[in-house]
$ cat data.tsv   # TSV, C-alpha atoms
chain	number	residue	atom	x	y	z
A	1	MET	CA	52.74	-168.83	85.12
A	2	ALA	CA	56.24	-167.83	86.23
A	3	PRO	CA	58.86	-169.87	84.35
A	4	GLN	CA	61.96	-171.39	85.89
A	5	LYS	CA	64.93	-169.03	85.92
A	6	GLU	CA	67.01	-171.45	83.85
A	7	VAL	CA	65.88	-174.12	81.40
A	8	LYS	CA	68.03	-176.63	79.54
A	9	VAL	CA	66.81	-177.20	75.99
A	10	GLY	CA	67.88	-179.46	73.16
A	11	VAL	CA	67.69	-179.30	69.38
A	12	VAL	CA	67.84	-182.59	67.50
A	13	GLN	CA	69.64	-182.69	64.15
A	14	ALA	CA	69.11	-186.21	62.88
A	15	THR	CA	68.27	-188.43	59.94
A	16	PRO	CA	64.84	-190.07	59.81
A	17	ALA	CA	64.24	-193.44	58.18
A	18	LEU	CA	62.96	-191.81	55.00
A	19	PHE	CA	59.47	-193.00	53.97
A	20	ASP	CA	59.37	-195.42	56.93
A	21	ILE	CA	57.13	-194.25	59.77
A	22	GLU	CA	57.71	-197.29	61.98
A	23	GLN	CA	61.48	-196.97	62.01
A	24	THR	CA	61.36	-193.19	62.28
A	25	VAL	CA	59.21	-193.39	65.42
A	26	SER	CA	61.86	-195.65	66.93
A	27	ILE	CA	64.56	-193.13	65.97
A	28	ILE	CA	62.59	-190.30	67.63
A	29	ILE	CA	62.17	-192.29	70.83
A	30	ALA	CA	65.92	-192.94	70.94
A	31	TRP	CA	66.62	-189.20	70.65
A	32	ILE	CA	64.03	-188.46	73.36
A	33	GLU	CA	65.83	-190.89	75.66
A	34	LYS	CA	69.15	-189.22	74.82
A	35	GLY	CA	67.68	-185.79	75.53
A	36	ALA	CA	66.46	-186.99	78.92
A	37	ARG	CA	69.91	-188.37	79.77
A	38	GLU	CA	71.38	-184.98	78.87
A	39	GLY	CA	68.98	-183.27	81.27
A	40	CYS	CA	66.93	-181.46	78.63
A	41	GLU	CA	63.51	-180.12	79.58
A	42	LEU	CA	62.48	-179.36	76.00
A	43	LEU	CA	63.42	-181.05	72.71
A	44	LEU	CA	62.79	-179.69	69.22
A	45	PHE	CA	62.82	-181.96	66.14
A	46	PRO	CA	63.09	-180.78	62.50
A	47	GLU	CA	60.36	-180.03	59.99
A	48	SER	CA	58.53	-183.10	58.67
A	49	PHE	CA	60.78	-185.55	60.52
A	50	ILE	CA	57.98	-188.06	59.97
A	51	PRO	CA	58.17	-189.45	57.31
A	52	CYS	CA	60.90	-187.06	55.98
A	53	TYR	CA	61.17	-183.79	54.12
A	54	PRO	CA	61.00	-185.13	50.52
A	55	ARG	CA	63.84	-182.95	49.28
A	56	GLY	CA	64.73	-183.47	45.64
A	57	LEU	CA	61.54	-185.25	44.63
A	58	THR	CA	59.43	-183.60	41.94
A	59	PHE	CA	56.35	-185.80	42.20
A	60	ASP	CA	56.57	-185.65	38.41
A	61	ALA	CA	54.95	-182.22	38.57
A	62	VAL	CA	53.74	-180.82	35.26
A	63	ILE	CA	51.17	-178.04	35.06
A	64	GLY	CA	47.89	-179.43	33.78
A	65	LYS	CA	48.84	-183.10	34.12
A	66	ARG	CA	49.31	-185.71	36.82
A	67	THR	CA	51.13	-188.98	36.18
A	68	GLU	CA	50.99	-192.48	37.63
A	69	LYS	CA	54.58	-192.05	38.84
A	70	ALA	CA	53.51	-188.99	40.84
A	71	ARG	CA	50.56	-190.83	42.34
A	72	GLU	CA	52.79	-193.76	43.39
A	73	GLN	CA	55.27	-191.41	45.09
A	74	TRP	CA	52.40	-189.58	46.78
A	75	LEU	CA	50.91	-192.89	47.97
A	76	GLU	CA	54.16	-193.94	49.66
A	77	TYR	CA	54.54	-190.54	51.29
A	78	TRP	CA	50.88	-190.55	52.38
A	79	ASN	CA	51.08	-194.09	53.77
A	80	ASN	CA	54.03	-193.13	55.97
A	81	SER	CA	52.63	-189.83	57.23
A	82	ILE	CA	51.13	-189.71	60.72
A	83	GLU	CA	47.57	-189.48	61.99
A	84	ILE	CA	46.89	-187.78	65.32
A	85	ASP	CA	44.74	-190.65	66.61
A	86	SER	CA	47.19	-193.48	66.01
A	87	GLN	CA	49.41	-196.05	67.67
A	88	HIS	CA	52.43	-194.00	66.61
A	89	ILE	CA	51.28	-190.95	68.59
A	90	ARG	CA	50.53	-193.18	71.57
A	91	ALA	CA	54.03	-194.70	71.41
A	92	LEU	CA	55.61	-191.24	71.25
A	93	SER	CA	53.44	-189.99	74.12
A	94	ALA	CA	54.51	-192.91	76.33
A	95	ALA	CA	58.19	-192.25	75.62
A	96	ILE	CA	57.81	-188.53	76.32
A	97	LYS	CA	55.98	-189.18	79.59
A	98	LYS	CA	58.75	-191.54	80.69
A	99	ALA	CA	61.41	-188.98	79.76
A	100	ASN	CA	59.49	-186.18	81.54
A	101	LEU	CA	60.25	-183.43	79.04
A	102	PHE	CA	58.43	-181.22	76.54
A	103	VAL	CA	58.74	-182.17	72.86
A	104	ALA	CA	57.96	-180.25	69.66
A	105	LEU	CA	57.98	-182.60	66.68
A	106	GLY	CA	57.79	-181.68	63.01
A	107	VAL	CA	55.66	-184.13	61.02
A	108	THR	CA	53.65	-184.54	57.88
A	109	GLU	CA	50.19	-184.98	59.34
A	110	LYS	CA	47.56	-187.08	57.58
A	111	GLU	CA	43.95	-185.89	57.76
A	112	PRO	CA	41.88	-189.06	58.26
A	113	ILE	CA	38.79	-187.63	56.56
A	114	GLY	CA	39.59	-186.52	53.03
A	115	GLY	CA	43.22	-187.59	53.18
A	116	SER	CA	45.00	-184.22	52.81
A	117	LEU	CA	48.48	-183.82	54.25
A	118	TYR	CA	49.72	-180.91	56.37
A	119	CYS	CA	53.20	-179.86	57.42
A	120	SER	CA	52.62	-179.70	61.17
A	121	LEU	CA	54.45	-179.04	64.42
A	122	LEU	CA	53.10	-181.22	67.24
A	123	TYR	CA	53.47	-180.08	70.85
A	124	PHE	CA	53.67	-182.60	73.71
A	125	ASP	CA	53.91	-181.66	77.38
A	126	HIS	CA	56.09	-183.41	79.94
A	127	HIS	CA	53.18	-185.71	80.82
A	128	GLY	CA	53.22	-187.04	77.26
A	129	ARG	CA	49.97	-185.29	76.36
A	130	LEU	CA	49.56	-183.92	72.84
A	131	ILE	CA	48.57	-180.39	73.81
A	132	GLY	CA	48.31	-178.82	70.36
A	133	LYS	CA	49.58	-178.51	66.82
A	134	HIS	CA	50.49	-175.83	64.33
A	135	ARG	CA	49.89	-176.39	60.63
A	136	LYS	CA	52.11	-174.52	58.17
A	137	LEU	CA	50.16	-171.57	56.80
A	138	LYS	CA	51.78	-171.47	53.37
A	139	PRO	CA	53.77	-174.35	51.92
A	140	THR	CA	56.66	-173.07	49.79
A	141	GLY	CA	57.03	-173.70	46.07
A	142	LEU	CA	56.35	-177.29	45.06
A	143	GLU	CA	55.46	-178.12	48.68
A	144	ARG	CA	52.02	-176.80	47.74
A	145	LEU	CA	51.44	-179.93	45.68
A	146	ILE	CA	51.79	-182.26	48.68
A	147	TRP	CA	50.74	-180.11	51.67
A	148	ALA	CA	47.49	-178.26	52.26
A	149	GLU	CA	47.41	-174.86	53.99
A	150	GLY	CA	46.85	-174.37	57.70
A	151	ASP	CA	44.88	-171.48	59.21
A	152	GLY	CA	44.88	-169.13	62.17
A	153	SER	CA	43.31	-171.68	64.51
A	154	THR	CA	46.67	-173.48	64.72
A	155	LEU	CA	48.80	-170.40	65.47
A	156	VAL	CA	49.20	-171.88	68.94
A	157	SER	CA	51.32	-170.93	71.93
A	158	PHE	CA	51.62	-172.40	75.41
A	159	ASP	CA	52.31	-171.01	78.88
A	160	THR	CA	54.25	-173.78	80.61
A	161	LYS	CA	56.44	-174.25	83.66
A	162	ILE	CA	59.50	-173.79	81.44
A	163	GLY	CA	58.25	-170.62	79.75
A	164	LYS	CA	55.95	-169.46	76.97
A	165	ILE	CA	56.48	-171.64	73.88
A	166	GLY	CA	55.41	-171.19	70.25
A	167	GLY	CA	56.82	-170.96	66.78
A	168	LEU	CA	56.59	-171.21	63.02
A	169	ILE	CA	57.75	-173.69	60.41
A	170	CYS	CA	60.55	-172.92	57.93
A	171	TRP	CA	59.69	-170.07	55.54
A	172	GLU	CA	56.71	-168.99	57.63
A	173	ASN	CA	59.48	-167.21	59.50
A	174	TYR	CA	59.76	-164.86	56.52
A	175	MET	CA	56.12	-163.79	57.07
A	176	PRO	CA	56.34	-160.64	59.26
A	177	LEU	CA	52.72	-160.79	60.38
A	178	ALA	CA	52.98	-164.46	61.31
A	179	ARG	CA	56.01	-163.63	63.49
A	180	MET	CA	54.03	-160.81	65.11
A	181	ALA	CA	51.24	-163.26	65.86
A	182	MET	CA	53.76	-165.22	67.93
A	183	TYR	CA	55.35	-162.19	69.55
A	184	ASN	CA	51.92	-160.89	70.59
A	185	LYS	CA	51.47	-164.03	72.69
A	186	GLY	CA	54.65	-163.24	74.61
A	187	VAL	CA	56.59	-166.22	73.26
A	188	GLU	CA	59.85	-166.66	75.13
A	189	ILE	CA	61.10	-169.89	73.52
A	190	TYR	CA	60.50	-169.54	69.79
A	191	LEU	CA	60.67	-172.79	67.80
A	192	ALA	CA	61.66	-172.84	64.13
A	193	PRO	CA	61.86	-176.34	62.66
A	194	THR	CA	63.06	-176.04	59.08
A	195	ALA	CA	64.36	-177.68	55.92
A	196	ASP	CA	66.50	-174.66	55.01
A	197	ALA	CA	70.20	-175.52	55.17
A	198	ARG	CA	71.48	-172.31	53.59
A	199	GLU	CA	74.02	-170.20	55.42
A	200	SER	CA	71.63	-167.25	55.00
A	201	TRP	CA	69.08	-169.03	57.23
A	202	GLN	CA	71.38	-168.33	60.17
A	203	ALA	CA	70.87	-164.60	59.66
A	204	THR	CA	67.10	-165.12	59.63
A	205	MET	CA	67.20	-166.95	62.95
A	206	ARG	CA	69.35	-164.25	64.54
A	207	HIS	CA	66.96	-161.61	63.22
A	208	VAL	CA	63.95	-163.40	64.76
A	209	ALA	CA	65.74	-163.59	68.11
A	210	LEU	CA	66.65	-159.91	68.03
A	211	GLU	CA	63.25	-158.80	66.76
A	212	GLY	CA	61.18	-160.91	69.15
A	213	ARG	CA	63.66	-160.63	72.04
A	214	CYS	CA	63.20	-164.36	72.55
A	215	PHE	CA	65.29	-167.51	72.57
A	216	VAL	CA	65.21	-169.17	69.14
A	217	LEU	CA	65.65	-172.90	68.56
A	218	ALA	CA	66.04	-174.00	64.93
A	219	ALA	CA	66.18	-177.69	63.98
A	220	ASN	CA	67.01	-179.22	60.59
A	221	GLN	CA	67.57	-182.74	59.33
A	222	PHE	CA	70.89	-184.16	58.19
A	223	VAL	CA	70.26	-186.25	55.07
A	224	THR	CA	72.48	-187.78	52.40
A	225	LYS	CA	71.57	-189.17	49.03
A	226	ALA	CA	72.29	-192.66	50.35
A	227	ASP	CA	69.56	-192.28	52.99
A	228	TYR	CA	66.80	-192.40	50.39
A	229	PRO	CA	65.22	-195.69	49.33
A	230	HIS	CA	67.20	-197.19	46.45
A	231	LYS	CA	64.28	-196.85	44.03
A	232	TYR	CA	64.70	-193.06	44.11
A	233	ALA	CA	68.38	-193.15	43.11
A	234	ALA	CA	67.64	-192.31	39.48
A	235	ASP	CA	65.90	-189.09	40.58
A	236	PHE	CA	69.01	-187.86	42.38
A	237	LYS	CA	71.87	-188.43	39.94
A	238	ALA	CA	72.59	-184.72	39.69
A	239	GLU	CA	72.22	-184.07	43.42
A	240	PRO	CA	75.17	-183.73	45.86
A	241	ASP	CA	75.94	-186.58	48.24
A	242	ILE	CA	74.82	-184.42	51.18
A	243	MET	CA	71.24	-183.43	50.40
A	244	CYS	CA	70.73	-181.44	53.62
A	245	ALA	CA	73.72	-180.31	55.68
A	246	GLY	CA	71.68	-179.20	58.71
A	247	GLY	CA	72.58	-175.91	60.35
A	248	SER	CA	70.57	-176.40	63.54
A	249	VAL	CA	71.21	-173.65	66.07
A	250	ILE	CA	70.16	-172.10	69.40
A	251	ILE	CA	70.22	-168.29	69.71
A	252	SER	CA	69.78	-165.86	72.60
A	253	PRO	CA	67.43	-162.83	72.72
A	254	MET	CA	70.46	-160.66	71.98
A	255	GLY	CA	71.21	-162.56	68.78
A	256	GLU	CA	74.16	-164.46	70.22
A	257	VAL	CA	74.66	-168.08	69.19
A	258	LEU	CA	74.43	-170.34	72.24
A	259	ALA	CA	74.94	-173.64	70.40
A	260	GLY	CA	75.73	-174.56	66.82
A	261	PRO	CA	75.25	-174.16	64.01
A	262	LEU	CA	75.79	-177.88	63.44
A	263	TRP	CA	76.80	-178.91	59.93
A	264	ASN	CA	77.23	-182.20	58.04
A	265	LYS	CA	76.40	-184.63	60.82
A	266	GLU	CA	73.76	-185.73	63.29
A	267	GLY	CA	73.84	-184.41	66.83
A	268	LEU	CA	72.03	-182.97	69.85
A	269	LEU	CA	72.65	-179.29	70.53
A	270	THR	CA	71.95	-178.16	74.09
A	271	ALA	CA	71.95	-174.85	75.90
A	272	VAL	CA	70.86	-173.49	79.26
A	273	LEU	CA	68.48	-170.57	78.77
A	274	ASP	CA	68.80	-167.83	81.40
A	275	PHE	CA	65.40	-166.13	81.59
A	276	ASP	CA	66.84	-163.00	83.19
A	277	LEU	CA	68.25	-162.28	79.74
A	278	LEU	CA	64.71	-161.92	78.35
A	279	ALA	CA	64.02	-158.92	80.58
A	280	LYS	CA	67.49	-157.45	80.07
A	281	SER	CA	67.08	-157.60	76.29
A	282	LYS	CA	63.92	-155.48	76.44
A	283	LEU	CA	65.61	-152.47	77.98
A	284	ASP	CA	66.02	-150.88	74.54
A	285	PHE	CA	63.62	-152.84	72.31
A	286	ASP	CA	60.29	-154.53	72.98
A	287	VAL	CA	58.38	-155.42	69.81
A	288	VAL	CA	55.06	-155.78	71.66
A	289	GLY	CA	55.78	-153.12	74.29
A	290	HIS	CA	57.34	-149.69	74.04
A	291	TYR	CA	58.42	-150.24	70.41
A	292	SER	CA	55.03	-151.43	69.14
A	293	ARG	CA	53.29	-148.08	68.48
A	294	ASN	CA	49.78	-149.45	68.77
A	295	ASP	CA	48.47	-145.93	68.15
A	296	VAL	CA	49.78	-146.27	64.58
A	297	PHE	CA	49.67	-150.00	63.79
A	298	GLN	CA	46.98	-152.61	64.40
A	299	LEU	CA	47.25	-156.35	63.71
A	300	THR	CA	44.15	-158.52	63.32
A	301	ILE	CA	44.58	-162.31	63.25
A	302	ALA	CA	41.65	-164.52	62.30
A	303	ASN	CA	40.87	-167.37	64.71
A	304	GLN	CA	44.17	-167.43	66.61
A	305	PRO	CA	43.60	-169.19	69.95
A	306	ASN	CA	44.54	-167.59	73.24
A	307	LEU	CA	47.79	-168.51	74.97
A	308	MET	CA	47.08	-171.91	76.55
A	309	LYS	CA	48.18	-172.58	80.11
A	310	ILE	CA	49.72	-176.01	80.61
A	311	GLU	CA	50.08	-177.28	84.16
$ encode --input "data.tsv" --output "structure tokens"
Amino acid sequence: MAPQKEVKVGVVQATPALFDIEQTVSIIIAWIEKGAREGCELLLFPESFIPCYPRGLTFDAVIGKRTEKAREQWLEYWNNSIEIDSQHIRALSAAIKKANLFVALGVTEKEPIGGSLYCSLLYFDHHGRLIGKHRKLKPTGLERLIWAEGDGSTLVSFDTKIGKIGGLICWENYMPLARMAMYNKGVEIYLAPTADARESWQATMRHVALEGRCFVLAANQFVTKADYPHKYAADFKAEPDIMCAGGSVIISPMGEVLAGPLWNKEGLLTAVLDFDLLAKSKLDFDVVGHYSRNDVFQLTIANQPNLMKIE
């Protein structure tokens, strides 16, 4: 499917209603409406925007022991995570259809059978259809306590009217073979929702753009200590007022920053992607073409689906 020559995209840096799925869905819909007014054809939201990235919480983690406090925190997080077959998904789908744009939304996904949680990236097309999801392959650090691991069956990518879309979540972008799994599908718009607000993350995003010769969209939340429910205040006494400063950014295939990075506030970053630049960037480097050396290197990926065509 030949993409449009130019596509306007948006990256949402915003604050969810932490631990409140109902209010957060309303916040997402408001940003979708704003993106439509700005003429965006694709919107990316941050990692685990529903119900929040639980930065700073320990879930009272002690090796060899679980506590009632941990189970209560887990229950609140679990109750406000999202199921795929739910009224919340239907409300989001209706808003996306009305706005007539593609949306990639970072969520904590609740498995209805068994009850495990996954850090997922949900993909909706411009008709409001949920066309697929990616589950984080390897939660980082203490994330492993609250999120289960995804597998190759959700290393998804989509061939759409606005280009080939795919991506990875947060520190999956430090996994070279996971990046290659995306590059091998010809991804042109590479999505990287994250919770990493370090300055060094900017270098990672520029590297991905240069390595994959793709446009990179990175979205992070902006969250302050005051945004958390009051009952968690005691857990955050030593934390700074700004818990996550953001750093959302849009980068070209040549590693040039097209918008952002945005720090210390909410906002919508937009950029017009010129697809001629994709071909120009591959004159001297093509990670899956003349620079791949398939006679030397072979990559095998278990259960990765084929690039899906979306009409």
$ closest_atom_pairs --input "data.tsv" --of "region 122-205 of chain A" --to "region 53-73 of chain A" --cutoff "10 Å" --atoms "only C-alpha atoms" --output "Markdown table"
| residue | atom | partner | partner_atom | distance |
| --- | --- | --- | --- | --- |
| A:Leu142 | CA | A:Thr58 | CA | 7.7 |
| A:Glu143 | CA | A:Pro54 | CA | 9.1 |
| A:Leu145 | CA | A:Ala61 | CA | 8.3 |
| A:Ile146 | CA | A:Phe59 | CA | 8.7 |
| A:Thr194 | CA | A:Tyr53 | CA | 9.4 |
| A:Ala195 | CA | A:Tyr53 | CA | 7.1 |
$ closest_atom_pairs --input "data.tsv" --of "region 107-214 of chain A" --to "region 24-36 of chain A" --cutoff "12 Å" --atoms "all atoms listed in the file" --output "tab-separated table"
residue	atom	partner	partner_atom	distance
A:Val107	CA	A:Thr24	CA	10.8
A:Phe124	CA	A:Ile32	CA	11.9
A:His126	CA	A:Ala36	CA	11.0
A:Gly128	CA	A:Ile32	CA	11.6
$ closest_residue --input "data.tsv" --among "A:Leu155, A:Ile250, A:Leu168, A:Ala95" --to "Asn306 (chain A)" --atoms "only C-alpha atoms"
A:Leu155
$ atom_distance --input "data.tsv" --atom1 "CA of Asn294 (chain A)" --atom2 "CA of Met180 (chain A)"
12.7 Å
$ residues_around --input "data.tsv" --residues "Phe275 (chain A)" --least-positions-apart "4" --cutoff "12 Å" --atoms "only C-alpha atoms" --output "PyMOL selection string"
chain A and resi 2-8+162-164+188-189+213-215+252-253+279-282
$ closest_residue --input "data.tsv" --among "A:Gln304, A:Ser200, A:Thr270, A:Thr224" --to "Leu44 (chain A)" --atoms "only C-alpha atoms"
A:Thr270
$ atom_distance --input "data.tsv" --atom1 "CA of Gln13 (chain A)" --atom2 "CA of Ala234 (chain A)"
26.6 Å
$ closest_residue --input "data.tsv" --among "A:Trp171, A:Ala178, A:Leu262, A:Ala203" --to "Gly141 (chain A)" --atoms "all atoms listed in the file"
A:Trp171
$ atom_distance --input "data.tsv" --atom1 "CA of Asp196 (chain A)" --atom2 "CA of Cys244 (chain A)"
8.1 Å
$ closest_residue --input "data.tsv" --among "A:Gly10, A:Gly247, A:Gly106, A:Gly260" --to "Ile50 (chain A)" --atoms "only C-alpha atoms"
A:Gly106
$ closest_residue --input "data.tsv" --among "A:Leu283, A:Ile21, A:Ile251, A:Ala209" --to "Phe49 (chain A)" --atoms "all atoms listed in the file"
A:Ile21
$ residues_near_point --input "data.tsv" --point "(60.8, -163.1, 62.6)" --cutoff "7 Å" --atoms "only C-alpha atoms" --output "number ranges by chain"
A: 173-174, 176, 179, 207-208, 211-212
$ residues_near_point --input "data.tsv" --point "(67.1, -177.6, 57.1)" --cutoff "9 Å" --atoms "only C-alpha atoms" --output "list in words"
Pro46, Glu47, Cys170, Pro193, Thr194, Ala195, Asp196, Ala197, Arg198, Trp201, Ala218, Ala219, Asn220, Gln221, Phe222, Cys244, Ala245, Gly246, Gly247 and Ser248 of chain A
$ residues_around --input "data.tsv" --residues "Tyr190 (chain A)" --least-positions-apart "5" --cutoff "6 Å" --atoms "all atoms listed in the file" --output "PDB file with C-alpha atoms, in the frame of the given file"
ATOM      1  CA  GLY A 166      55.410-171.190  70.250  1.00  0.00           C
ATOM      2  CA  GLY A 167      56.820-170.960  66.780  1.00  0.00           C
ATOM      3  CA  PHE A 215      65.290-167.510  72.570  1.00  0.00           C
ATOM      4  CA  VAL A 216      65.210-169.170  69.140  1.00  0.00           C
TER       5      VAL A 216
END
$ closest_residue --input "data.tsv" --among "A:Leu217, A:Val156, A:Ala233, A:Leu105" --to "Ala259 (chain A)" --atoms "all atoms listed in the file"
A:Leu217
